[in-house]
Amino acid sequence: ERDNKIAIATILEVYAWQCIIDAWGDMPYSEALMLADNSTPVYDDAAGVYTAIISELGIAMSMLKTSAAGFGGADVLFHGDVAKWKSFGASLQLRLGMRLADVNEGAAKAAAEAGVANGVITDFDQNASLVYSGVVPHVNGIYTAFVVDGRADYLPTNTIIDLMNSMEDPRRPLWFTTVDGEYVGAVAGLDGAQTYANFSNFSAVFFDPKFPAILQDVVEVEFLLAEAAQRGFNVGGTAEEHYNHAIEASILYWGGTQAEADTYLARADVAYDASKWKELIGTQKWIALYNRGVEGWAEWRRLDFPVLNVPEGMVYNDIPKRYPYPYNEILNNKASYE
């Protein structure tokens with residue numbers, strides 16, 4: 001039980017580090033979290049941190065024993081189910097590996113194949129989703145923004161809606177409202193004001209205070225497996241099979257039908273074609289990662305698709321590739337920052 005608790009804590013720590021490194025790049029790691037013992041930690045190279053957290057995750061996975069208990073009722077993610085922690089950890093191994101695919105193929109292959117061997121997420125019941133209690137403050141952040149704080153200035157933009165319109169994506173009515181029967185996105189990055197009522201809004205499902213936050217799910221895993229198979233990694237199945245499963249799972253998760261999924265997959269601009277796999281996987285994965293913006297951004301940077309709209313007065317390369325460091329960092333840790 002002790003080992004399981006340490007392993008579960010490590011999985012969450014690795015998940016947090018992955019989010020940090022993907023967003024900011026080089027960060028304090030080897031000297032981080034030392035509090036008063038070292039308040040000016042050095043910055044470590046992002047690639048080195050990835051190597052370190054992949055190793056840490058591998059150790060954690062070897063410690064997990066599904067025959068023993070974990071955190072029991074205190075576990076708000078999987079409610080004490082250690083087997084689901086194992087599938088989440090394995091899926092995280094797969095994600096970390098594929099992040100490295102263009103820069104360190106050997107490490108990518110090893111991590112991805114290790115994740116598959118450990119048993120990645122294969123169905124909705126294994127999804128790593130935080131389901132909120134629905135009582136403020138333990139509610140989804142969208143509910144907080146729109147209902148609790150009364151915000152009315154967030155809108156779906158034409159970046160995603162125009163793309164989905166062009167493919168007659170069956171998830172449109174599941175995600176968005178219509179304006180005079182049409183799905184209309186606000187202009188992305190426009191300097192001037194736009195009239196809220198002139199554009200599609202988010203569907204009611206997003207305003208449920210219990211609406212879950214997804215850390216990792218079967219849809220993402222299937223897209224990762226599709227790419228891994230396309231790159232020749234030993235993950236079982238073909239790239240096309242995993243790609244189709246990913247899209248199908250996304251449509252079904254949101255409430256679409258199998259018939260809608262089949263029709264969508266039969267479209268010429270959706271059907272899998274190995275000669276343009278980055279464009280197809282990149283575009284379809286970006287759509288499926290809707291409401292998981294940080295992951296969508298990370299995969300867009302890695303796969304270079306889809307082609308996004310450019311904010312007014314800017315060029316394509318102005319779209320940020322990383323977050324800026326906090327503005328007070330130069331005051332608190334000047335030498336390391338520089």
# chains A, B, ... in the order shown; residues from 1 in each chain; ligands from 1
$ residues_around --residues "region 110-116 of chain A" --least-positions-apart "4" --cutoff "12 Å" --atoms "only C-alpha atoms" --output "PyMOL selection string"
chain A and resi 50-51+53-59+61-62+86-101+104-106+120-122+221-222+224-229+231-237
$ select_by_dssp --residues "region 7-234 of chain A" --states "alpha helix (DSSP H)" --output "MDAnalysis selection string"
chainID A and resid 7:24 46:63 82:99 105:118 141:143 158:166 172:175 218:230
$ write_last_selection --atoms "C-alpha atoms" --output "compact mmCIF listing (two decimals), in the first residue's frame"
# COMPACT_ATOMS: atom_id res chain seq x y z
CA ALA A 7 3.79 5.50 -7.17
CA ILE A 8 0.46 7.33 -7.50
CA ALA A 9 1.99 10.53 -6.13
CA THR A 10 4.84 10.15 -8.61
CA ILE A 11 2.45 9.71 -11.54
CA LEU A 12 0.73 12.98 -10.62
CA GLU A 13 4.09 14.70 -10.12
CA VAL A 14 5.29 13.56 -13.55
CA TYR A 15 2.00 14.74 -15.08
CA ALA A 16 2.54 18.17 -13.50
CA TRP A 17 6.14 18.39 -14.71
CA GLN A 18 5.07 17.41 -18.22
CA CYS A 19 2.53 20.25 -18.28
CA ILE A 20 5.14 22.70 -16.98
CA ILE A 21 7.88 21.73 -19.44
CA ASP A 22 5.52 21.64 -22.42
CA ALA A 23 4.30 25.15 -21.59
CA TRP A 24 7.50 26.93 -20.57
CA ALA A 46 13.76 20.75 -21.09
CA ALA A 47 14.99 17.64 -22.93
CA GLY A 48 16.94 16.56 -19.86
CA VAL A 49 13.90 17.02 -17.65
CA TYR A 50 11.85 14.86 -20.02
CA THR A 51 14.46 12.11 -19.74
CA ALA A 52 14.33 12.38 -15.96
CA ILE A 53 10.55 12.27 -15.62
CA ILE A 54 10.27 9.34 -18.04
CA SER A 55 12.69 7.49 -15.78
CA GLU A 56 10.73 8.47 -12.65
CA LEU A 57 7.50 7.32 -14.26
CA GLY A 58 9.05 4.00 -15.21
CA ILE A 59 10.07 3.42 -11.59
CA ALA A 60 6.58 4.31 -10.39
CA MET A 61 4.99 1.89 -12.83
CA SER A 62 7.22 -0.93 -11.59
CA MET A 63 6.09 -0.21 -8.01
CA VAL A 82 -5.16 1.12 -8.50
CA ALA A 83 -5.67 -0.63 -11.86
CA LYS A 84 -6.94 2.64 -13.32
CA TRP A 85 -3.92 4.47 -11.93
CA LYS A 86 -1.77 1.94 -13.74
CA SER A 87 -3.55 2.52 -17.06
CA PHE A 88 -3.22 6.29 -16.57
CA GLY A 89 0.49 5.97 -15.81
CA ALA A 90 0.98 3.74 -18.84
CA SER A 91 -0.88 6.22 -21.06
CA LEU A 92 1.30 9.01 -19.69
CA GLN A 93 4.38 6.98 -20.67
CA LEU A 94 2.96 6.79 -24.18
CA ARG A 95 2.29 10.55 -24.29
CA LEU A 96 5.77 11.43 -23.01
CA GLY A 97 7.34 9.13 -25.53
CA MET A 98 5.45 10.56 -28.50
CA ARG A 99 6.35 14.11 -27.47
CA GLU A 105 13.21 8.57 -31.79
CA GLY A 106 14.94 5.91 -29.71
CA ALA A 107 13.71 7.33 -26.40
CA ALA A 108 10.29 7.92 -27.91
CA LYS A 109 10.00 4.32 -29.09
CA ALA A 110 11.15 2.90 -25.74
CA ALA A 111 8.73 5.00 -23.68
CA ALA A 112 5.78 4.44 -26.01
CA GLU A 113 6.30 0.68 -26.16
CA ALA A 114 6.76 0.52 -22.37
CA GLY A 115 3.45 2.31 -21.93
CA VAL A 116 1.64 -0.13 -24.21
CA ALA A 117 3.23 -3.08 -22.41
CA ASN A 118 2.01 -1.66 -19.07
CA GLY A 141 -13.90 26.24 -14.30
CA ILE A 142 -16.28 26.95 -17.18
CA TYR A 143 -19.21 27.03 -14.75
CA ASN A 158 -14.01 30.69 -36.57
CA THR A 159 -10.71 28.80 -36.23
CA ILE A 160 -12.48 25.66 -35.08
CA ILE A 161 -16.02 26.28 -36.34
CA ASP A 162 -15.01 26.97 -39.95
CA LEU A 163 -12.84 23.85 -39.94
CA MET A 164 -15.66 21.71 -38.56
CA ASN A 165 -18.15 23.28 -40.98
CA SER A 166 -15.94 22.37 -43.93
CA ARG A 172 -20.97 20.68 -33.95
CA PRO A 173 -24.47 20.41 -32.43
CA LEU A 174 -22.98 18.68 -29.40
CA TRP A 175 -20.59 21.57 -28.73
CA VAL A 218 -8.99 6.88 -24.64
CA VAL A 219 -9.41 9.35 -27.53
CA GLU A 220 -5.96 10.88 -26.98
CA VAL A 221 -4.43 7.45 -26.42
CA GLU A 222 -5.81 6.12 -29.72
CA PHE A 223 -4.38 9.11 -31.61
CA LEU A 224 -1.01 8.55 -29.93
CA LEU A 225 -1.12 4.87 -30.93
CA ALA A 226 -2.01 5.82 -34.50
CA GLU A 227 1.07 8.01 -34.74
CA ALA A 228 3.26 5.44 -33.02
CA ALA A 229 2.12 2.73 -35.44
CA GLN A 230 2.71 5.05 -38.40
$ closest_residue --among "A:Trp286, A:Ser250, A:Ala152, A:Gly72" --to "Ala298 (chain A)" --atoms "only C-alpha atoms"
A:Trp286
$ closest_residue --among "A:Glu31, A:Asp75, A:Asp304, A:Glu168" --to "Gly282 (chain A)" --atoms "only C-alpha atoms"
A:Asp304
$ select_by_dssp --residues "region 51-217 of chain A" --states "strand (DSSP E)" --output "PyMOL selection string"
chain A and resi 128-130+213-216
$ residues_around --residues "Asn317 (chain A)" --least-positions-apart "6" --cutoff "12 Å" --atoms "only C-alpha atoms" --output "PyMOL selection string"
chain A and resi 301+304+307-311
$ write_last_selection --atoms "all heavy atoms" --output "mmCIF file, in the first residue's frame"
data_model
loop_
_atom_site.group_PDB
_atom_site.id
_atom_site.type_symbol
_atom_site.label_atom_id
_atom_site.label_comp_id
_atom_site.auth_asym_id
_atom_site.auth_seq_id
_atom_site.Cartn_x
_atom_site.Cartn_y
_atom_site.Cartn_z
ATOM 1 N N ARG A 301 1.864 22.374 -32.030
ATOM 2 C CA ARG A 301 3.283 22.742 -32.153
ATOM 3 C C ARG A 301 4.121 21.562 -32.647
ATOM 4 O O ARG A 301 5.107 21.744 -33.350
ATOM 5 C CB ARG A 301 3.822 23.223 -30.796
ATOM 6 C CG ARG A 301 3.311 24.590 -30.380
ATOM 7 C CD ARG A 301 3.840 24.986 -29.017
ATOM 8 N NE ARG A 301 3.236 24.191 -27.968
ATOM 9 C CZ ARG A 301 3.778 24.019 -26.761
ATOM 10 N NH1 ARG A 301 4.953 24.554 -26.467
ATOM 11 N NH2 ARG A 301 3.157 23.304 -25.855
ATOM 12 N N ASP A 304 2.262 20.384 -36.416
ATOM 13 C CA ASP A 304 2.147 21.494 -37.383
ATOM 14 C C ASP A 304 0.783 21.579 -38.064
ATOM 15 O O ASP A 304 0.640 22.288 -39.060
ATOM 16 C CB ASP A 304 3.242 21.418 -38.458
ATOM 17 C CG ASP A 304 4.633 21.463 -37.861
ATOM 18 O OD1 ASP A 304 4.844 22.257 -36.929
ATOM 19 O OD2 ASP A 304 5.495 20.697 -38.312
ATOM 20 N N VAL A 307 -3.860 24.236 -39.791
ATOM 21 C CA VAL A 307 -3.420 25.607 -40.042
ATOM 22 C C VAL A 307 -4.390 26.532 -39.304
ATOM 23 O O VAL A 307 -5.594 26.499 -39.544
ATOM 24 C CB VAL A 307 -3.402 25.919 -41.546
ATOM 25 C CG1 VAL A 307 -3.039 27.377 -41.778
ATOM 26 C CG2 VAL A 307 -2.430 24.994 -42.254
ATOM 27 N N LEU A 308 -3.865 27.334 -38.397
ATOM 28 C CA LEU A 308 -4.697 28.186 -37.543
ATOM 29 C C LEU A 308 -4.894 29.567 -38.150
ATOM 30 O O LEU A 308 -4.135 29.991 -39.019
ATOM 31 C CB LEU A 308 -4.053 28.318 -36.166
ATOM 32 C CG LEU A 308 -3.733 27.013 -35.423
ATOM 33 C CD1 LEU A 308 -3.073 27.324 -34.086
ATOM 34 C CD2 LEU A 308 -4.981 26.171 -35.229
ATOM 35 N N ASN A 309 -5.911 30.268 -37.677
ATOM 36 C CA ASN A 309 -6.097 31.661 -38.056
ATOM 37 C C ASN A 309 -5.099 32.532 -37.323
ATOM 38 O O ASN A 309 -4.712 32.238 -36.187
ATOM 39 C CB ASN A 309 -7.522 32.118 -37.732
ATOM 40 C CG ASN A 309 -8.553 31.482 -38.651
ATOM 41 O OD1 ASN A 309 -8.251 31.149 -39.788
ATOM 42 N ND2 ASN A 309 -9.759 31.302 -38.160
ATOM 43 N N VAL A 310 -4.692 33.610 -37.962
ATOM 44 C CA VAL A 310 -3.672 34.504 -37.393
ATOM 45 C C VAL A 310 -4.347 35.745 -36.811
ATOM 46 O O VAL A 310 -5.210 36.343 -37.465
ATOM 47 C CB VAL A 310 -2.649 34.907 -38.475
ATOM 48 C CG1 VAL A 310 -1.588 35.826 -37.891
ATOM 49 C CG2 VAL A 310 -2.008 33.662 -39.076
ATOM 50 N N PRO A 311 -3.987 36.147 -35.595
ATOM 51 C CA PRO A 311 -4.560 37.365 -35.018
ATOM 52 C C PRO A 311 -4.300 38.587 -35.899
ATOM 53 O O PRO A 311 -3.299 38.646 -36.632
ATOM 54 C CB PRO A 311 -3.837 37.493 -33.678
ATOM 55 C CG PRO A 311 -3.436 36.100 -33.338
ATOM 56 C CD PRO A 311 -3.105 35.453 -34.646
#
$ atom_distance --atom1 "CA of Thr40 (chain A)" --atom2 "CA of Tyr327 (chain A)"
15.3 Å
$ closest_atom_pairs --of "region 101-174 of chain A" --to "region 255-264 of chain A" --cutoff "7 Å" --atoms "only C-alpha atoms" --output "Markdown table"
| residue | atom | partner | partner_atom | distance |
| --- | --- | --- | --- | --- |
| A:Asp169 | CA | A:Tyr264 | CA | 6.9 |
| A:Pro170 | CA | A:Glu260 | CA | 6.4 |
| A:Arg171 | CA | A:Gly256 | CA | 6.9 |
$ atom_distance --atom1 "CA of Pro137 (chain A)" --atom2 "CA of Phe207 (chain A)"
14.4 Å
